[in-house]
$ cat final-v3.pdb   # PDB, C-alpha atoms
MODEL        1
ATOM      1  CA  MET E   1     -22.173  -5.778 -33.511  1.00  0.00           C
ATOM      2  CA  ARG E   2     -18.451  -5.412 -33.076  1.00  0.00           C
ATOM      3  CA  LYS E   3     -18.908  -2.240 -31.024  1.00  0.00           C
ATOM      4  CA  ILE E   4     -21.290  -4.009 -28.669  1.00  0.00           C
ATOM      5  CA  ALA E   5     -18.921  -6.975 -28.210  1.00  0.00           C
ATOM      6  CA  PHE E   6     -15.932  -4.665 -27.860  1.00  0.00           C
ATOM      7  CA  PHE E   7     -17.465  -2.539 -25.083  1.00  0.00           C
ATOM      8  CA  PRO E   8     -17.825  -5.376 -22.514  1.00  0.00           C
ATOM      9  CA  LEU E   9     -14.298  -6.506 -23.349  1.00  0.00           C
ATOM     10  CA  LEU E  10     -13.054  -2.954 -22.811  1.00  0.00           C
ATOM     11  CA  LEU E  11     -14.780  -2.852 -19.412  1.00  0.00           C
ATOM     12  CA  VAL E  12     -13.125  -6.114 -18.370  1.00  0.00           C
ATOM     13  CA  PHE E  13      -9.684  -4.802 -19.326  1.00  0.00           C
ATOM     14  CA  ALA E  14     -10.350  -1.511 -17.532  1.00  0.00           C
ATOM     15  CA  PHE E  15     -11.316  -3.315 -14.301  1.00  0.00           C
ATOM     16  CA  VAL E  16      -8.306  -5.636 -14.530  1.00  0.00           C
ATOM     17  CA  PHE E  17      -5.965  -2.702 -15.173  1.00  0.00           C
ATOM     18  CA  TRP E  18      -7.495  -0.665 -12.322  1.00  0.00           C
ATOM     19  CA  GLY E  19      -7.278  -3.658  -9.980  1.00  0.00           C
ATOM     20  CA  CYS E  20      -3.620  -4.216 -10.818  1.00  0.00           C
ATOM     21  CA  GLN E  21      -2.821  -0.578 -10.197  1.00  0.00           C
ATOM     22  CA  SER E  22      -4.046  -0.839  -6.611  1.00  0.00           C
ATOM     23  CA  ASP E  23      -1.293  -3.397  -5.916  1.00  0.00           C
ATOM     24  CA  ASP E  24       1.493  -1.239  -7.394  1.00  0.00           C
ATOM     25  CA  PRO E  25       4.405  -1.707  -4.933  1.00  0.00           C
ATOM     26  CA  GLU E  26       5.583   1.896  -5.275  1.00  0.00           C
ATOM     27  CA  LYS E  27       2.123   3.273  -4.551  1.00  0.00           C
ATOM     28  CA  ILE E  28       1.706   0.921  -1.600  1.00  0.00           C
ATOM     29  CA  ALA E  29       5.141   1.905  -0.261  1.00  0.00           C
ATOM     30  CA  GLU E  30       4.303   5.612  -0.436  1.00  0.00           C
ATOM     31  CA  ARG E  31       0.872   5.068   1.112  1.00  0.00           C
ATOM     32  CA  ASP E  32       2.476   3.046   3.932  1.00  0.00           C
ATOM     33  CA  ARG E  33       5.119   5.728   4.480  1.00  0.00           C
ATOM     34  CA  GLN E  34       2.427   8.380   4.840  1.00  0.00           C
ATOM     35  CA  LYS E  35       0.462   6.211   7.284  1.00  0.00           C
ATOM     36  CA  LEU E  36       3.579   5.588   9.374  1.00  0.00           C
ATOM     37  CA  LEU E  37       4.542   9.271   9.365  1.00  0.00           C
ATOM     38  CA  LYS E  38       1.035  10.159  10.530  1.00  0.00           C
ATOM     39  CA  TYR E  39       1.255   7.538  13.315  1.00  0.00           C
ATOM     40  CA  ILE E  40       4.656   8.900  14.357  1.00  0.00           C
ATOM     41  CA  GLU E  41       3.328  12.463  14.464  1.00  0.00           C
ATOM     42  CA  GLU E  42       0.121  11.557  16.325  1.00  0.00           C
ATOM     43  CA  ASN E  43       2.065   9.581  18.928  1.00  0.00           C
ATOM     44  CA  GLU E  44       4.899  12.135  19.171  1.00  0.00           C
ATOM     45  CA  LEU E  45       7.559   9.502  18.506  1.00  0.00           C
ATOM     46  CA  ASP E  46      11.223  10.265  17.920  1.00  0.00           C
ATOM     47  CA  ALA E  47      11.514   7.797  15.038  1.00  0.00           C
ATOM     48  CA  ILE E  48      14.407   7.238  12.660  1.00  0.00           C
ATOM     49  CA  GLU E  49      13.747   6.280   9.043  1.00  0.00           C
ATOM     50  CA  HIS E  50      15.840   3.390   7.697  1.00  0.00           C
ATOM     51  CA  SER E  51      16.665   3.256   3.972  1.00  0.00           C
ATOM     52  CA  SER E  52      14.444   0.160   3.694  1.00  0.00           C
ATOM     53  CA  GLY E  53      11.313   2.177   4.568  1.00  0.00           C
ATOM     54  CA  LEU E  54      11.228   0.867   8.134  1.00  0.00           C
ATOM     55  CA  PHE E  55      11.012   3.373  10.991  1.00  0.00           C
ATOM     56  CA  TYR E  56      12.398   2.611  14.427  1.00  0.00           C
ATOM     57  CA  VAL E  57      12.455   4.191  17.859  1.00  0.00           C
ATOM     58  CA  VAL E  58      15.326   3.553  20.238  1.00  0.00           C
ATOM     59  CA  GLU E  59      14.262   3.574  23.862  1.00  0.00           C
ATOM     60  CA  ARG E  60      17.431   1.763  24.909  1.00  0.00           C
ATOM     61  CA  GLU E  61      20.088   0.580  22.432  1.00  0.00           C
ATOM     62  CA  GLY E  62      21.252  -2.162  24.778  1.00  0.00           C
ATOM     63  CA  SER E  63      24.526  -2.842  26.524  1.00  0.00           C
ATOM     64  CA  GLY E  64      25.520  -6.118  24.932  1.00  0.00           C
ATOM     65  CA  SER E  65      28.714  -6.273  22.931  1.00  0.00           C
ATOM     66  CA  VAL E  66      27.165  -7.638  19.717  1.00  0.00           C
ATOM     67  CA  HIS E  67      24.207  -7.016  17.461  1.00  0.00           C
ATOM     68  CA  PRO E  68      22.203 -10.057  16.335  1.00  0.00           C
ATOM     69  CA  ASP E  69      22.426 -11.232  12.728  1.00  0.00           C
ATOM     70  CA  LEU E  70      20.153 -13.418  10.623  1.00  0.00           C
ATOM     71  CA  ASN E  71      21.687 -16.588  12.094  1.00  0.00           C
ATOM     72  CA  SER E  72      21.159 -15.441  15.671  1.00  0.00           C
ATOM     73  CA  LEU E  73      18.732 -17.150  18.010  1.00  0.00           C
ATOM     74  CA  ILE E  74      17.160 -14.314  19.972  1.00  0.00           C
ATOM     75  CA  LEU E  75      15.120 -14.156  23.144  1.00  0.00           C
ATOM     76  CA  ILE E  76      12.619 -11.340  22.783  1.00  0.00           C
ATOM     77  CA  ARG E  77       9.609  -9.843  24.541  1.00  0.00           C
ATOM     78  CA  TYR E  78       7.251  -8.102  22.125  1.00  0.00           C
ATOM     79  CA  THR E  79       3.774  -6.879  21.332  1.00  0.00           C
ATOM     80  CA  GLY E  80       2.626  -6.516  17.729  1.00  0.00           C
ATOM     81  CA  THR E  81      -0.215  -4.157  16.862  1.00  0.00           C
ATOM     82  CA  LEU E  82      -1.875  -2.682  13.823  1.00  0.00           C
ATOM     83  CA  LEU E  83      -1.925   1.089  13.400  1.00  0.00           C
ATOM     84  CA  ASP E  84      -5.367   1.212  15.037  1.00  0.00           C
ATOM     85  CA  GLY E  85      -3.974  -0.394  18.213  1.00  0.00           C
ATOM     86  CA  THR E  86      -5.369  -3.892  17.597  1.00  0.00           C
ATOM     87  CA  VAL E  87      -2.984  -6.403  19.188  1.00  0.00           C
ATOM     88  CA  PHE E  88      -2.370  -9.356  16.864  1.00  0.00           C
ATOM     89  CA  ASP E  89       0.536 -11.064  18.668  1.00  0.00           C
ATOM     90  CA  SER E  90       2.651 -10.868  21.802  1.00  0.00           C
ATOM     91  CA  SER E  91       5.159 -12.873  23.769  1.00  0.00           C
ATOM     92  CA  ASN E  92       6.864 -12.427  27.105  1.00  0.00           C
ATOM     93  CA  GLY E  93       9.944 -14.346  26.017  1.00  0.00           C
ATOM     94  CA  ALA E  94       9.969 -15.966  22.578  1.00  0.00           C
ATOM     95  CA  GLN E  95      13.043 -17.735  21.243  1.00  0.00           C
ATOM     96  CA  LEU E  96      13.252 -17.077  17.524  1.00  0.00           C
ATOM     97  CA  ARG E  97      15.828 -17.485  14.770  1.00  0.00           C
ATOM     98  CA  LEU E  98      16.038 -13.947  13.384  1.00  0.00           C
ATOM     99  CA  GLY E  99      16.358 -15.251   9.814  1.00  0.00           C
ATOM    100  CA  GLY E 100      12.956 -16.918  10.170  1.00  0.00           C
ATOM    101  CA  THR E 101      11.088 -13.728  11.019  1.00  0.00           C
ATOM    102  CA  ILE E 102       9.496 -11.070   8.808  1.00  0.00           C
ATOM    103  CA  ARG E 103      11.835  -8.839   6.823  1.00  0.00           C
ATOM    104  CA  GLY E 104      11.068  -5.834   9.061  1.00  0.00           C
ATOM    105  CA  TRP E 105      12.477  -7.708  12.065  1.00  0.00           C
ATOM    106  CA  GLN E 106      15.484  -8.913  10.069  1.00  0.00           C
ATOM    107  CA  ILE E 107      16.322  -5.282   9.300  1.00  0.00           C
ATOM    108  CA  GLY E 108      15.221  -3.629  12.560  1.00  0.00           C
ATOM    109  CA  ILE E 109      16.270  -5.974  15.369  1.00  0.00           C
ATOM    110  CA  PRO E 110      19.997  -5.895  14.390  1.00  0.00           C
ATOM    111  CA  LEU E 111      19.943  -2.133  14.986  1.00  0.00           C
ATOM    112  CA  PHE E 112      19.846  -2.992  18.718  1.00  0.00           C
ATOM    113  CA  ARG E 113      22.134  -4.920  21.040  1.00  0.00           C
ATOM    114  CA  GLU E 114      21.269  -7.371  23.784  1.00  0.00           C
ATOM    115  CA  GLY E 115      19.128  -5.549  26.360  1.00  0.00           C
ATOM    116  CA  GLY E 116      17.892  -3.107  23.728  1.00  0.00           C
ATOM    117  CA  LYS E 117      14.354  -1.848  23.832  1.00  0.00           C
ATOM    118  CA  GLY E 118      12.398   0.008  21.206  1.00  0.00           C
ATOM    119  CA  MET E 119       9.758   0.050  18.540  1.00  0.00           C
ATOM    120  CA  LEU E 120       9.687  -1.030  14.912  1.00  0.00           C
ATOM    121  CA  LEU E 121       7.185   0.627  12.567  1.00  0.00           C
ATOM    122  CA  ILE E 122       7.064  -1.682   9.592  1.00  0.00           C
ATOM    123  CA  PRO E 123       5.596  -0.957   6.151  1.00  0.00           C
ATOM    124  CA  SER E 124       3.494  -3.756   4.702  1.00  0.00           C
ATOM    125  CA  ALA E 125       6.135  -4.880   2.187  1.00  0.00           C
ATOM    126  CA  LEU E 126       8.490  -5.700   5.086  1.00  0.00           C
ATOM    127  CA  GLY E 127       5.688  -7.436   6.998  1.00  0.00           C
ATOM    128  CA  TYR E 128       3.188  -9.776   5.389  1.00  0.00           C
ATOM    129  CA  GLY E 129       2.642  -7.741   2.209  1.00  0.00           C
ATOM    130  CA  THR E 130      -0.407  -8.581   0.168  1.00  0.00           C
ATOM    131  CA  TRP E 131      -1.168 -11.709   2.206  1.00  0.00           C
ATOM    132  CA  ALA E 132      -3.560 -11.583   5.139  1.00  0.00           C
ATOM    133  CA  GLN E 133      -2.149 -13.470   8.149  1.00  0.00           C
ATOM    134  CA  TRP E 134      -3.613 -14.411  11.553  1.00  0.00           C
ATOM    135  CA  GLY E 135      -6.013 -11.490  11.778  1.00  0.00           C
ATOM    136  CA  ILE E 136      -3.664  -9.099   9.996  1.00  0.00           C
ATOM    137  CA  PRO E 137      -5.330  -7.621   6.890  1.00  0.00           C
ATOM    138  CA  ARG E 138      -3.367  -7.561   3.636  1.00  0.00           C
ATOM    139  CA  ASN E 139      -1.092  -4.544   3.103  1.00  0.00           C
ATOM    140  CA  SER E 140      -1.037  -3.724   6.825  1.00  0.00           C
ATOM    141  CA  CYS E 141       1.633  -1.632   8.481  1.00  0.00           C
ATOM    142  CA  LEU E 142       2.816  -3.269  11.704  1.00  0.00           C
ATOM    143  CA  ILE E 143       4.009  -1.816  14.995  1.00  0.00           C
ATOM    144  CA  PHE E 144       6.203  -3.879  17.328  1.00  0.00           C
ATOM    145  CA  GLU E 145       7.237  -2.743  20.770  1.00  0.00           C
ATOM    146  CA  PHE E 146       9.991  -5.045  21.946  1.00  0.00           C
ATOM    147  CA  GLU E 147      12.841  -5.752  24.304  1.00  0.00           C
ATOM    148  CA  LEU E 148      15.746  -7.865  23.093  1.00  0.00           C
ATOM    149  CA  LEU E 149      16.303 -10.005  26.177  1.00  0.00           C
ATOM    150  CA  GLY E 150      19.166 -12.040  24.830  1.00  0.00           C
ATOM    151  CA  ILE E 151      21.171 -13.334  21.898  1.00  0.00           C
ATOM    152  CA  LEU E 152      21.512 -17.069  22.482  1.00  0.00           C
TER     153      LEU E 152
ENDMDL
END

$ encode --input "final-v3.pdb" --output "structure tokens"
Amino acid sequence: MRKIAFFPLLLVFAFVFWGCQSDDPEKIAERDRQKLLKYIEENELDAIEHSSGLFYVVEREGSGSVHPDLNSLILIRYTGTLLDGTVFDSSNGAQLRLGGTIRGWQIGIPLFREGGKGMLLIPSALGYGTWAQWGIPRNSCLIFEFELLGIL
């Protein structure tokens, strides 16, 4: 009898353990990195890898004298897509406090100055992570094409 009762319990633990492994941050980070590298290669992008795991493409660094920081109110034009090209958000001139945005923006946008234009390729951990948001599936890499119109 103990063997019969033990087997279902063993199955439950195995499924729980396997399920937890799929959310391992290191595995997700490596999977995201590979997806982003593939996207970069397929789209022939000249991307730079940041130590955070973010990739960025500089089309125009900008001519302003300062870079925004987390306290900056920025005016930005952007389009956000998933790796498959699905647009999930865009704005032709949003005013945002940089500190109130996703971590990928907080790291990537300060790499540009006012007037800068480029692309951020954001791993899921620097986006919305394991939470699905506004049509963005959990653990999604995000692509933002943007132009930093102003630092207000």

$ atom_distance --input "final-v3.pdb" --atom1 "CA of Arg113 in chain E" --atom2 "CA of Arg60 in chain E"
9.0 Å

$ closest_residue --input "final-v3.pdb" --among "E:Asn43, E:Ser63, E:Ser72, E:Ser52" --to "Ile151 in chain E" --atoms "all atoms listed in the file"
E:Ser72

$ resolve_selection --input "final-v3.pdb" --expression "the PyMOL selection byres ((chain E and resi 94-103) around 7)" --output "ChimeraX atom specification"
/E:69-77,91-93,104-107,126-127

$ resolve_selection --input "final-v3.pdb" --expression "the PyMOL selection byres ((chain E and resi 87) around 12)" --output "list in words"
Tyr78, Thr79, Gly80, Thr81, Leu82, Leu83, Asp84, Gly85, Thr86, Phe88, Asp89, Ser90, Ser91, Trp134, Gly135, Ile136, Leu142, Ile143, Phe144 and Glu145 of chain E

$ resolve_selection --input "final-v3.pdb" --expression "the PyMOL selection byres ((chain E and resi 39) around 12)" --output "ChimeraX atom specification"
/E:32-38,40-47,55,82-85,121-123,141-143

$ atom_distance --input "final-v3.pdb" --atom1 "CA of Trp131 in chain E" --atom2 "CA of Gly108 in chain E"
21.0 Å

$ atom_distance --input "final-v3.pdb" --atom1 "CA of Val58 in chain E" --atom2 "CA of Ala132 in chain E"
28.5 Å

$ closest_residue --input "final-v3.pdb" --among "E:Thr130, E:Glu147, E:Gly53, E:Ile109" --to "Asp24 in chain E" --atoms "all atoms listed in the file"
E:Thr130

$ closest_residue --input "final-v3.pdb" --among "E:Pro25, E:Pro137, E:Gly150, E:Gly129" --to "Ser65 in chain E" --atoms "all atoms listed in the file"
E:Gly150

$ closest_residue --input "final-v3.pdb" --among "E:Ala29, E:Glu114, E:Leu148, E:Gln133" --to "Leu54 in chain E" --atoms "all atoms listed in the file"
E:Ala29

$ closest_residue --input "final-v3.pdb" --among "E:Ala125, E:Gly62, E:His67, E:Gly118" --to "Asn139 in chain E" --atoms "all atoms listed in the file"
E:Ala125

$ closest_residue --input "final-v3.pdb" --among "E:Glu26, E:Leu120, E:Gly64, E:Pro110" --to "Glu49 in chain E" --atoms "all atoms listed in the file"
E:Leu120
